[in-house]
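Colleague: Have a look at this one before I ask anything.
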Amino acid sequence: MTGVKHQKWWGWGVEGIAFTHDDKPRMAPFVMEKIGIDLNRPGTPPPAFDDLEVPASRMGDDLGGKLRDALGEQYVDTGDLNRVVHTYGKGLVDLVRVRAGDLPRVPDVVVYPGDEDQVRQVVDAVVAADGVVIPFGGGSNISGSLTPQPAEHRVVVSLDLGRLNRVLEVDEAAGLARIQAGGLGPDLEDQLNARGWTMGHQPDSFKHSTLGGWIATRSSGMQSDKYGDIADITRGLRVVLPGKVIALRPLPSTSSGPSVREMILGSEGRLGVITEAWVNVHRVPENREIIAYLYPTWAAAIAAMHEISESDAAPTVTRVSDANETAFSLAMQKPSKGLAAKAGPILFNVLERRGWDLSAACLSYIGYEGEASHLKYQKGLVGKIVKKHGGIKLGKGPGALYDQKKFDTPYIRDFLLDIGALGDVSETAAPWSKLMNLYANTIRAANDAYDELGVKGFAMCHLSHSYHSGACLYFTFAFPPSTDVPAEQIEQYWVVKKAIQQSFIDNEATISHHHGVGTDHAYWLEDDISPAGTDVMVGLLKSVDPGRNLNPGTLL
Ligand code: FAD
């Protein structure tokens, strides 16, 4: 036993937790209307693990002996289950492939170093043996960034950082914490909260992703408007390279040439193994509230979000769903009881009488933190902007519900797969001036792709993470493929995913705001950063890793 917790080999999260629509009476009719699938039809659960054919480990005795000497027998695992857990991330393609037992290449061994010195010993031993090292955090990426290349003939070692999960020190005077890279979100926050501090980084994958993974993929959490993206939060780093360690002190800012810190951010295991980082931390706020608002149209909602970002209000969360996602959220609600059961219909009646087309309404959540007087001031400012754009305040109730349920939503994708529907996401960022066209053209591109496939699909979007010059748009798409054959399902998936990603490029947006490049988005990297930009990146990767021993295949 290594003491490291892992997700299910076949899906999101941990065994024993699953999505159900039994307590959501409006969901089945909604899904039937949008993608023509009956949620009550019998599903096909994932196969039993014993039905998979797992290729044998190719690790030789020589390297195996060195790894065991360095880490101890217990922390060098060639067992089939663990190797499969470390083969894929949690993208839609990963899930379809693993459930189909499609395992052309799995890591030959999973190792669990207990400190940086052991990470160095592993990296040096594997590189000396001309093997491949793939750092593994929570395995939650959805960009295909840790799967061994199918044709990789060298020994593949998955280096799991799970034992490096401690907050090492807090510099209270500076608001900085030194944290090991393998800690999962809740573990790290619990340790920080116990000392009165928080990092404030809360991606939807928070429960199953790690600090090192966040840094290596340039993650962003839902409270990024206040706390920043992980690229802002990360100040200092230690990174193990073959034969050496990069050590970057935590500096508030520096002008010491092109930023090596920035080179490590988003490096997806291609530039070494991050063992620890100094991150910005903040005092746990006195109050925390998420308030829901409703806008009559998407255009009004986006204009309001832009104005909020320019105002003196400094919310932690700025999020608004388009009409489709709003309808989906309402369909996911459990029935209300008591007064609340009456309040919804009454409100919708009033809005209709005021001339609202409710099918165009857009639900928004704005988060606030701080002292009571600060919250009151901010809410006042936001309230005026909401009103100016024709919106109304719904109150704390729906916001609190969203806050509690946000980490459960990811389980829905496995449930959809069981009943034969594919669902996934693509996210991007663009300047405010481009957002409306980007949105309209991307929804159109998804719908055109569904038409091309002859399937009934659904696409929805929300804005999250506002910046001075623009914002992140996050698209979710789902459709029932017209085939049961996994490889053909993946082909159909790519028709839709490619249409959406190409639309990002065509509309002057980036290929990913926070999921990284991986193998899934690599095709568009040159469009994103220009051919000369990729030349620079290739040069950097080659100089650090001439033998392509560090997670080759992802990024470039
Ligand atoms: P892994 O998946 O284990 O690894 C990702 C990449 O980082 C790999 O290339 C790996 O080799 C490398 N890596 C991992 N650890 C290290 C290390 N210590 N040193 C060097 N390289 C390393 N992302 C967001 O940003 N925001 C979200 O809100 C969000 N929501 C999600 C919701 C769901 C349901 C899912 C499935 C994913 C979501 N993601 C989100 C994507 C994913 O959680 C992030 O990409 C996350 O940062 C990955 O962290 P991880 O620890 O799981 O990394």
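All residue names refer to the structure tokens as shown: chains lettered A, B, ... in order, residues numbered from 1 in each chain, ligands numbered from 1 in order.
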Mind listing the helix (DSSP H, G or I) residues of region 96-264 of chain A, per DSSP on the backbone, as a PyMOL selection string?
Modeller: chain A and resi 96-99+116-128+185-194+206-208+211-217+224-227+230-233+260-264
Colleague: Just N, CA and C atoms for this one: save the residues we selected as a compact mmCIF listing (two decimals), in the first residue's frame.
Modeller:
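The resulting file, part_28.txt, is reproduced below:
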# COMPACT_ATOMS: atom_id res chain seq x y z
N VAL A 96 -13.71 6.76 -23.31
CA VAL A 96 -14.22 5.80 -24.30
C VAL A 96 -13.18 4.69 -24.52
N ARG A 97 -11.92 5.11 -24.62
CA ARG A 97 -10.88 4.12 -24.92
C ARG A 97 -10.67 3.15 -23.75
N VAL A 98 -10.62 3.67 -22.54
CA VAL A 98 -10.33 2.76 -21.42
C VAL A 98 -11.50 1.81 -21.19
N ARG A 99 -12.73 2.32 -21.37
CA ARG A 99 -13.89 1.43 -21.20
C ARG A 99 -13.92 0.35 -22.28
N GLU A 116 12.17 14.85 -2.78
CA GLU A 116 12.77 15.32 -4.03
C GLU A 116 14.00 14.51 -4.42
N ASP A 117 14.74 14.08 -3.41
CA ASP A 117 15.94 13.30 -3.71
C ASP A 117 15.55 12.00 -4.44
N GLN A 118 14.47 11.39 -4.00
CA GLN A 118 14.02 10.17 -4.69
C GLN A 118 13.51 10.48 -6.10
N VAL A 119 12.88 11.65 -6.28
CA VAL A 119 12.46 12.04 -7.64
C VAL A 119 13.71 12.14 -8.53
N ARG A 120 14.76 12.75 -8.00
CA ARG A 120 16.02 12.88 -8.78
C ARG A 120 16.56 11.50 -9.15
N GLN A 121 16.55 10.61 -8.17
CA GLN A 121 17.11 9.27 -8.45
C GLN A 121 16.30 8.56 -9.54
N VAL A 122 14.97 8.71 -9.48
CA VAL A 122 14.13 8.08 -10.50
C VAL A 122 14.43 8.68 -11.88
N VAL A 123 14.41 10.01 -11.95
CA VAL A 123 14.62 10.67 -13.25
C VAL A 123 15.99 10.27 -13.81
N ASP A 124 17.00 10.33 -12.99
CA ASP A 124 18.35 10.01 -13.48
C ASP A 124 18.46 8.54 -13.92
N ALA A 125 17.86 7.64 -13.14
CA ALA A 125 17.95 6.21 -13.50
C ALA A 125 17.20 5.95 -14.81
N VAL A 126 16.03 6.56 -14.96
CA VAL A 126 15.23 6.29 -16.17
C VAL A 126 15.92 6.90 -17.40
N VAL A 127 16.42 8.11 -17.26
CA VAL A 127 17.07 8.74 -18.42
C VAL A 127 18.35 7.98 -18.77
N ALA A 128 19.10 7.53 -17.75
CA ALA A 128 20.32 6.75 -18.04
C ALA A 128 19.98 5.46 -18.78
N GLY A 185 -6.22 18.98 -4.20
CA GLY A 185 -6.82 20.23 -3.74
C GLY A 185 -7.30 20.20 -2.29
N PRO A 186 -8.19 19.27 -1.92
CA PRO A 186 -8.73 19.30 -0.55
C PRO A 186 -7.64 19.11 0.51
N ASP A 187 -6.65 18.24 0.24
CA ASP A 187 -5.58 18.03 1.22
C ASP A 187 -4.82 19.33 1.48
N LEU A 188 -4.50 20.02 0.40
CA LEU A 188 -3.71 21.25 0.56
C LEU A 188 -4.53 22.33 1.24
N GLU A 189 -5.78 22.49 0.81
CA GLU A 189 -6.60 23.54 1.41
C GLU A 189 -6.85 23.25 2.89
N ASP A 190 -7.06 21.96 3.26
CA ASP A 190 -7.28 21.64 4.67
C ASP A 190 -6.06 22.06 5.50
N GLN A 191 -4.88 21.76 4.97
CA GLN A 191 -3.65 22.11 5.73
C GLN A 191 -3.51 23.63 5.85
N LEU A 192 -3.81 24.32 4.75
CA LEU A 192 -3.70 25.79 4.79
C LEU A 192 -4.77 26.39 5.69
N ASN A 193 -6.02 25.91 5.53
CA ASN A 193 -7.14 26.46 6.33
C ASN A 193 -6.86 26.30 7.82
N ALA A 194 -6.24 25.16 8.19
CA ALA A 194 -5.96 24.92 9.61
C ALA A 194 -5.04 26.01 10.17
N PHE A 206 -11.04 20.13 -8.56
CA PHE A 206 -10.32 20.37 -7.31
C PHE A 206 -10.04 19.10 -6.49
N LYS A 207 -11.07 18.24 -6.36
CA LYS A 207 -10.92 17.09 -5.47
C LYS A 207 -9.92 16.06 -5.99
N HIS A 208 -9.67 16.07 -7.31
CA HIS A 208 -8.85 15.00 -7.90
C HIS A 208 -7.70 15.54 -8.73
N LEU A 211 -1.42 20.27 -7.13
CA LEU A 211 -0.70 21.53 -7.39
C LEU A 211 0.23 21.40 -8.59
N GLY A 212 1.01 20.30 -8.65
CA GLY A 212 1.94 20.14 -9.78
C GLY A 212 1.20 20.06 -11.10
N GLY A 213 0.07 19.34 -11.11
CA GLY A 213 -0.73 19.25 -12.33
C GLY A 213 -1.29 20.60 -12.74
N TRP A 214 -1.73 21.37 -11.75
CA TRP A 214 -2.27 22.70 -12.06
C TRP A 214 -1.19 23.55 -12.74
N ILE A 215 0.01 23.50 -12.15
CA ILE A 215 1.10 24.33 -12.70
C ILE A 215 1.47 23.84 -14.10
N ALA A 216 1.56 22.51 -14.24
CA ALA A 216 2.02 21.95 -15.53
C ALA A 216 0.99 22.11 -16.64
N THR A 217 -0.25 22.46 -16.28
CA THR A 217 -1.28 22.67 -17.33
C THR A 217 -1.80 24.10 -17.38
N SER A 224 -10.84 32.69 -9.85
CA SER A 224 -9.64 33.32 -10.42
C SER A 224 -9.75 34.83 -10.53
N ASP A 225 -10.98 35.36 -10.54
CA ASP A 225 -11.10 36.81 -10.69
C ASP A 225 -10.44 37.52 -9.51
N LYS A 226 -10.50 36.88 -8.33
CA LYS A 226 -9.82 37.48 -7.18
C LYS A 226 -8.40 36.92 -7.03
N TYR A 227 -8.27 35.58 -7.03
CA TYR A 227 -7.00 34.97 -6.63
C TYR A 227 -6.01 34.83 -7.79
N ILE A 230 -3.46 29.93 -11.89
CA ILE A 230 -2.31 29.32 -11.20
C ILE A 230 -1.01 29.99 -11.66
N ALA A 231 -1.02 30.53 -12.88
CA ALA A 231 0.17 31.23 -13.38
C ALA A 231 0.47 32.48 -12.55
N ASP A 232 -0.57 33.10 -11.99
CA ASP A 232 -0.36 34.27 -11.13
C ASP A 232 -0.02 33.83 -9.70
N ILE A 233 -0.68 32.74 -9.27
CA ILE A 233 -0.54 32.29 -7.88
C ILE A 233 0.86 31.72 -7.62
N VAL A 260 11.85 31.95 -16.64
CA VAL A 260 11.94 30.49 -16.55
C VAL A 260 10.70 29.95 -15.82
N ARG A 261 10.20 30.74 -14.87
CA ARG A 261 8.97 30.35 -14.16
C ARG A 261 7.84 30.14 -15.17
N GLU A 262 7.73 31.07 -16.11
CA GLU A 262 6.68 30.95 -17.13
C GLU A 262 6.93 29.77 -18.06
N MET A 263 8.20 29.41 -18.25
CA MET A 263 8.49 28.26 -19.13
C MET A 263 7.99 26.96 -18.48
N ILE A 264 8.10 26.90 -17.15
CA ILE A 264 7.65 25.68 -16.45
C ILE A 264 6.13 25.63 -16.41
Colleague: Please identify the residues whose atoms come within 6 Å of ligand 1, using only C-alpha atoms and all ligand atoms, and report them as a PDB file with N, CA and C atoms, in the first residue's frame.
Modeller:
ATOM      1  N   GLY A  89      -5.841  10.204 -18.905  1.00  0.00           N
ATOM      2  CA  GLY A  89      -6.472  11.265 -18.121  1.00  0.00           C
ATOM      3  C   GLY A  89      -7.972  11.022 -18.118  1.00  0.00           C
ATOM      4  N   LYS A  90      -8.751  12.115 -18.034  1.00  0.00           N
ATOM      5  CA  LYS A  90     -10.209  11.965 -17.940  1.00  0.00           C
ATOM      6  C   LYS A  90     -10.942  12.713 -19.056  1.00  0.00           C
ATOM      7  N   ILE A 134       6.922   9.898 -17.121  1.00  0.00           N
ATOM      8  CA  ILE A 134       5.702  10.710 -17.268  1.00  0.00           C
ATOM      9  C   ILE A 134       5.212  11.094 -15.869  1.00  0.00           C
ATOM     10  N   PRO A 135       5.347  12.394 -15.513  1.00  0.00           N
ATOM     11  CA  PRO A 135       4.849  12.805 -14.199  1.00  0.00           C
ATOM     12  C   PRO A 135       3.329  12.658 -14.146  1.00  0.00           C
ATOM     13  N   PHE A 136       2.838  12.218 -12.987  1.00  0.00           N
ATOM     14  CA  PHE A 136       1.401  11.996 -12.797  1.00  0.00           C
ATOM     15  C   PHE A 136       0.963  12.692 -11.516  1.00  0.00           C
ATOM     16  N   GLY A 137      -0.040  13.580 -11.641  1.00  0.00           N
ATOM     17  CA  GLY A 137      -0.575  14.267 -10.463  1.00  0.00           C
ATOM     18  C   GLY A 137      -1.845  13.562 -10.001  1.00  0.00           C
ATOM     19  N   GLY A 138      -3.002  14.117 -10.437  1.00  0.00           N
ATOM     20  CA  GLY A 138      -4.278  13.462 -10.123  1.00  0.00           C
ATOM     21  C   GLY A 138      -4.831  12.683 -11.302  1.00  0.00           C
ATOM     22  N   GLY A 139      -4.191  12.833 -12.459  1.00  0.00           N
ATOM     23  CA  GLY A 139      -4.676  12.157 -13.665  1.00  0.00           C
ATOM     24  C   GLY A 139      -5.995  12.729 -14.162  1.00  0.00           C
ATOM     25  N   SER A 140      -6.252  14.015 -13.865  1.00  0.00           N
ATOM     26  CA  SER A 140      -7.556  14.600 -14.221  1.00  0.00           C
ATOM     27  C   SER A 140      -7.530  15.401 -15.519  1.00  0.00           C
ATOM     28  N   ASN A 141      -6.357  15.468 -16.183  1.00  0.00           N
ATOM     29  CA  ASN A 141      -6.290  16.327 -17.371  1.00  0.00           C
ATOM     30  C   ASN A 141      -7.266  15.832 -18.438  1.00  0.00           C
ATOM     31  N   ILE A 142      -7.691  16.794 -19.269  1.00  0.00           N
ATOM     32  CA  ILE A 142      -8.599  16.402 -20.351  1.00  0.00           C
ATOM     33  C   ILE A 142      -8.033  16.867 -21.693  1.00  0.00           C
ATOM     34  N   SER A 145      -2.595  14.507 -22.011  1.00  0.00           N
ATOM     35  CA  SER A 145      -1.206  14.916 -21.786  1.00  0.00           C
ATOM     36  C   SER A 145      -0.367  13.930 -20.977  1.00  0.00           C
ATOM     37  N   LEU A 146      -0.914  12.768 -20.626  1.00  0.00           N
ATOM     38  CA  LEU A 146      -0.018  11.834 -19.912  1.00  0.00           C
ATOM     39  C   LEU A 146      -0.096  10.403 -20.411  1.00  0.00           C
ATOM     40  N   ALA A 181       4.291  19.241  -4.587  1.00  0.00           N
ATOM     41  CA  ALA A 181       3.533  19.289  -5.851  1.00  0.00           C
ATOM     42  C   ALA A 181       2.425  18.255  -5.974  1.00  0.00           C
ATOM     43  N   PRO A 203     -10.383  24.736  -9.133  1.00  0.00           N
ATOM     44  CA  PRO A 203     -10.919  24.237 -10.413  1.00  0.00           C
ATOM     45  C   PRO A 203     -12.061  23.255 -10.130  1.00  0.00           C
ATOM     46  N   ASP A 204     -12.905  22.991 -11.111  1.00  0.00           N
ATOM     47  CA  ASP A 204     -14.011  22.038 -10.898  1.00  0.00           C
ATOM     48  C   ASP A 204     -13.454  20.648 -10.575  1.00  0.00           C
ATOM     49  N   SER A 205     -12.221  20.397 -10.960  1.00  0.00           N
ATOM     50  CA  SER A 205     -11.571  19.108 -10.706  1.00  0.00           C
ATOM     51  C   SER A 205     -10.821  19.098  -9.377  1.00  0.00           C
ATOM     52  N   SER A 209      -7.269  16.757  -8.468  1.00  0.00           N
ATOM     53  CA  SER A 209      -6.114  17.290  -9.209  1.00  0.00           C
ATOM     54  C   SER A 209      -5.124  17.889  -8.210  1.00  0.00           C
ATOM     55  N   THR A 210      -3.884  18.053  -8.652  1.00  0.00           N
ATOM     56  CA  THR A 210      -2.797  18.409  -7.730  1.00  0.00           C
ATOM     57  C   THR A 210      -2.150  19.746  -8.090  1.00  0.00           C
ATOM     58  N   GLY A 212       1.006  20.303  -8.654  1.00  0.00           N
ATOM     59  CA  GLY A 212       1.939  20.138  -9.779  1.00  0.00           C
ATOM     60  C   GLY A 212       1.203  20.055 -11.104  1.00  0.00           C
ATOM     61  N   GLY A 213       0.071  19.343 -11.114  1.00  0.00           N
ATOM     62  CA  GLY A 213      -0.729  19.247 -12.334  1.00  0.00           C
ATOM     63  C   GLY A 213      -1.292  20.596 -12.739  1.00  0.00           C
ATOM     64  N   TRP A 214      -1.733  21.372 -11.745  1.00  0.00           N
ATOM     65  CA  TRP A 214      -2.273  22.699 -12.065  1.00  0.00           C
ATOM     66  C   TRP A 214      -1.195  23.554 -12.741  1.00  0.00           C
ATOM     67  N   ALA A 216       1.560  22.511 -14.241  1.00  0.00           N
ATOM     68  CA  ALA A 216       2.020  21.948 -15.527  1.00  0.00           C
ATOM     69  C   ALA A 216       0.987  22.111 -16.642  1.00  0.00           C
ATOM     70  N   THR A 217      -0.252  22.459 -16.279  1.00  0.00           N
ATOM     71  CA  THR A 217      -1.276  22.667 -17.327  1.00  0.00           C
ATOM     72  C   THR A 217      -1.800  24.098 -17.377  1.00  0.00           C
ATOM     73  N   SER A 219      -3.554  25.806 -15.007  1.00  0.00           N
ATOM     74  CA  SER A 219      -4.946  25.693 -14.601  1.00  0.00           C
ATOM     75  C   SER A 219      -5.550  27.032 -14.151  1.00  0.00           C
ATOM     76  N   SER A 220      -6.869  27.039 -14.121  1.00  0.00           N
ATOM     77  CA  SER A 220      -7.577  28.208 -13.604  1.00  0.00           C
ATOM     78  C   SER A 220      -8.748  27.737 -12.749  1.00  0.00           C
ATOM     79  N   GLY A 221      -8.956  28.364 -11.620  1.00  0.00           N
ATOM     80  CA  GLY A 221     -10.056  27.973 -10.724  1.00  0.00           C
ATOM     81  C   GLY A 221     -11.201  28.955 -10.799  1.00  0.00           C
ATOM     82  N   GLU A 268       3.686  20.646 -18.964  1.00  0.00           N
ATOM     83  CA  GLU A 268       3.078  19.322 -19.144  1.00  0.00           C
ATOM     84  C   GLU A 268       4.080  18.166 -19.025  1.00  0.00           C
ATOM     85  N   GLY A 269       4.998  18.291 -18.111  1.00  0.00           N
ATOM     86  CA  GLY A 269       5.954  17.211 -17.876  1.00  0.00           C
ATOM     87  C   GLY A 269       7.091  17.158 -18.874  1.00  0.00           C
ATOM     88  N   GLY A 272      10.622  18.502 -17.102  1.00  0.00           N
ATOM     89  CA  GLY A 272      11.033  17.993 -15.793  1.00  0.00           C
ATOM     90  C   GLY A 272       9.868  17.822 -14.848  1.00  0.00           C
ATOM     91  N   VAL A 273      10.213  17.441 -13.608  1.00  0.00           N
ATOM     92  CA  VAL A 273       9.206  17.113 -12.599  1.00  0.00           C
ATOM     93  C   VAL A 273       9.168  18.221 -11.545  1.00  0.00           C
ATOM     94  N   ILE A 274       8.035  18.869 -11.428  1.00  0.00           N
ATOM     95  CA  ILE A 274       7.864  19.908 -10.398  1.00  0.00           C
ATOM     96  C   ILE A 274       7.711  19.191  -9.055  1.00  0.00           C
ATOM     97  N   THR A 275       8.553  19.529  -8.088  1.00  0.00           N
ATOM     98  CA  THR A 275       8.445  18.852  -6.791  1.00  0.00           C
ATOM     99  C   THR A 275       7.783  19.733  -5.743  1.00  0.00           C
ATOM    100  N   PRO A 410     -19.210  16.774 -12.555  1.00  0.00           N
ATOM    101  CA  PRO A 410     -18.382  15.969 -13.462  1.00  0.00           C
ATOM    102  C   PRO A 410     -18.804  14.505 -13.580  1.00  0.00           C
ATOM    103  N   HIS A 514      -7.461  27.067 -20.093  1.00  0.00           N
ATOM    104  CA  HIS A 514      -6.895  26.463 -18.876  1.00  0.00           C
ATOM    105  C   HIS A 514      -6.775  24.938 -18.896  1.00  0.00           C
ATOM    106  N   HIS A 515      -7.024  24.285 -20.013  1.00  0.00           N
ATOM    107  CA  HIS A 515      -6.854  22.826 -20.035  1.00  0.00           C
ATOM    108  C   HIS A 515      -5.526  22.402 -20.653  1.00  0.00           C
TER     109      HIS A 515
END
Colleague: Mind dumping a table of every region 358-431 of chain A residue within 8 Å of region 43-62 of chain A, with the nearest atom pair and its distance in Å to one decimal, using only C-alpha atoms, sorted by chain and rising number, as a tab-separated table?
Modeller:
residue	atom	partner	partner_atom	distance
A:Asp418	CA	A:Thr44	CA	4.8
A:Ile419	CA	A:Gly43	CA	4.3
A:Gly420	CA	A:Gly43	CA	7.4
Colleague: Counting only C-alpha atoms, which of A:Arg166, A:Arg154, A:His389, A:His201 gets nearest to Trp298 (chain A)?
Modeller: A:His389
Colleague: Which residues are close to His282 (chain A), i.e. within 12 Å by only C-alpha atoms, leaving aside same-chain residues fewer than 2 positions away? Reply as a compact mmCIF listing (two decimals) with C-alpha atoms, in the first residue's frame.
Modeller:
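Below is the file that was written, around-v7.txt:
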# COMPACT_ATOMS: atom_id res chain seq x y z
CA VAL A 170 3.93 29.41 5.43
CA ASP A 171 5.68 32.78 5.27
CA GLU A 172 2.98 34.68 7.13
CA ALA A 173 4.63 38.05 6.64
CA ALA A 174 4.68 37.62 2.86
CA GLY A 175 1.47 35.61 2.29
CA LEU A 176 3.37 32.76 0.66
CA ALA A 177 3.28 29.00 1.22
CA GLU A 189 -6.60 23.54 1.41
CA LEU A 192 -3.70 25.79 4.79
CA ASN A 193 -7.14 26.46 6.33
CA ARG A 195 -3.39 27.74 9.75
CA GLY A 196 -5.94 30.37 8.70
CA TRP A 197 -4.83 30.60 5.05
CA THR A 198 -6.22 29.70 1.63
CA MET A 199 -4.78 29.49 -1.86
CA GLY A 200 -8.19 30.24 -3.36
CA HIS A 201 -7.56 27.96 -6.34
CA LYS A 226 -9.82 37.48 -7.18
CA TYR A 227 -7.00 34.97 -6.63
CA GLY A 228 -5.66 34.79 -10.20
CA ILE A 233 -0.54 32.29 -7.88
CA VAL A 279 2.35 30.02 -3.96
CA ASN A 280 0.45 33.14 -2.93
CA VAL A 284 -9.43 32.78 4.94
CA PRO A 285 -12.08 35.43 4.25
CA GLU A 286 -14.55 36.45 6.93
CA GLU A 369 -15.57 37.69 -0.24
CA GLY A 370 -14.36 39.87 2.60
Colleague: Considering only C-alpha atoms, state which residue in the set A:Thr534, A:Glu289, A:Gln489, A:Leu556 is at the smallest distance from Gly395 (chain A).
Modeller: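 Once distances to Gly395 (chain A) are computed over only C-alpha atoms, the minimum belongs to A:Glu289.
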Colleague: Please measure the separation of CA of Leu63 (chain A) and CA of Lys5 (chain A), giving the value in Å to one decimal.
Modeller: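 Rounded to one decimal, the two atoms are 25.5 Å apart.
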Colleague: Give the strand (DSSP E or B) residues of region 304-538 of chain A, as DSSP finds them on the backbone, and put them as a ChimeraX atom specification.
Modeller: /A:317-321,362-370,392-395,422-431,458-466,470-479
Colleague: Pick from A:Val155, A:Val281, A:Leu251, A:Ala499: nearest to Glu169 (chain A), with only C-alpha atoms counted?
Modeller: A:Val281
Colleague: Give me, as a list in words, all polymer residues having an atom no more than 7 Å from Gly162 (chain A), counting only C-alpha atoms and skipping those fewer than 5 positions away in the same chain.
Modeller: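 The neighbour list is Val4, Tyr112, Gly137, Gly182 and Gly183 of chain A.
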Colleague: Please provide the set of residues having any atom within 10 Å of Met1 (chain A), restricted to only C-alpha atoms, with same-chain residues fewer than 5 positions apart removed, written as number ranges by chain.
Modeller: A: 74-75, 77
Colleague: What is the distance between CA of Val239 (chain A) and CA of Glu276 (chain A), in Å to one decimal?
Modeller: 7.5 Å
Colleague: Point out the residue among A:Phe475, A:Tyr295, A:Trp10, A:Trp432 with the least atom-to-atom distance to Cys362 (chain A), counting only C-alpha atoms.
Modeller: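 Ranking A:Phe475, A:Tyr295, A:Trp10, A:Trp432 by distance to Cys362 (chain A), first place goes to A:Tyr295.
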Colleague: Please identify all polymer residues within 9 Å of Gly399 (chain A), counting only C-alpha atoms, omitting same-chain residues fewer than 6 positions from it, and present them as an mmCIF file with C-alpha atoms, in the first residue's frame.
Modeller:
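Ended up saving to out-v5.cif:
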data_model
loop_
_atom_site.group_PDB
_atom_site.id
_atom_site.type_symbol
_atom_site.label_atom_id
_atom_site.label_comp_id
_atom_site.auth_asym_id
_atom_site.auth_seq_id
_atom_site.Cartn_x
_atom_site.Cartn_y
_atom_site.Cartn_z
ATOM 1 C CA GLU A 289 -21.272 34.604 -0.761
ATOM 2 C CA ILE A 290 -22.336 33.637 -4.241
ATOM 3 C CA ILE A 291 -25.344 35.548 -5.534
ATOM 4 C CA ALA A 292 -27.398 34.494 -8.556
ATOM 5 C CA TYR A 293 -28.734 36.963 -11.128
ATOM 6 C CA SER A 364 -25.300 34.315 -13.655
ATOM 7 C CA TYR A 365 -23.343 33.768 -10.452
ATOM 8 C CA ILE A 366 -21.168 36.443 -8.893
ATOM 9 C CA GLY A 367 -18.983 35.599 -5.901
#
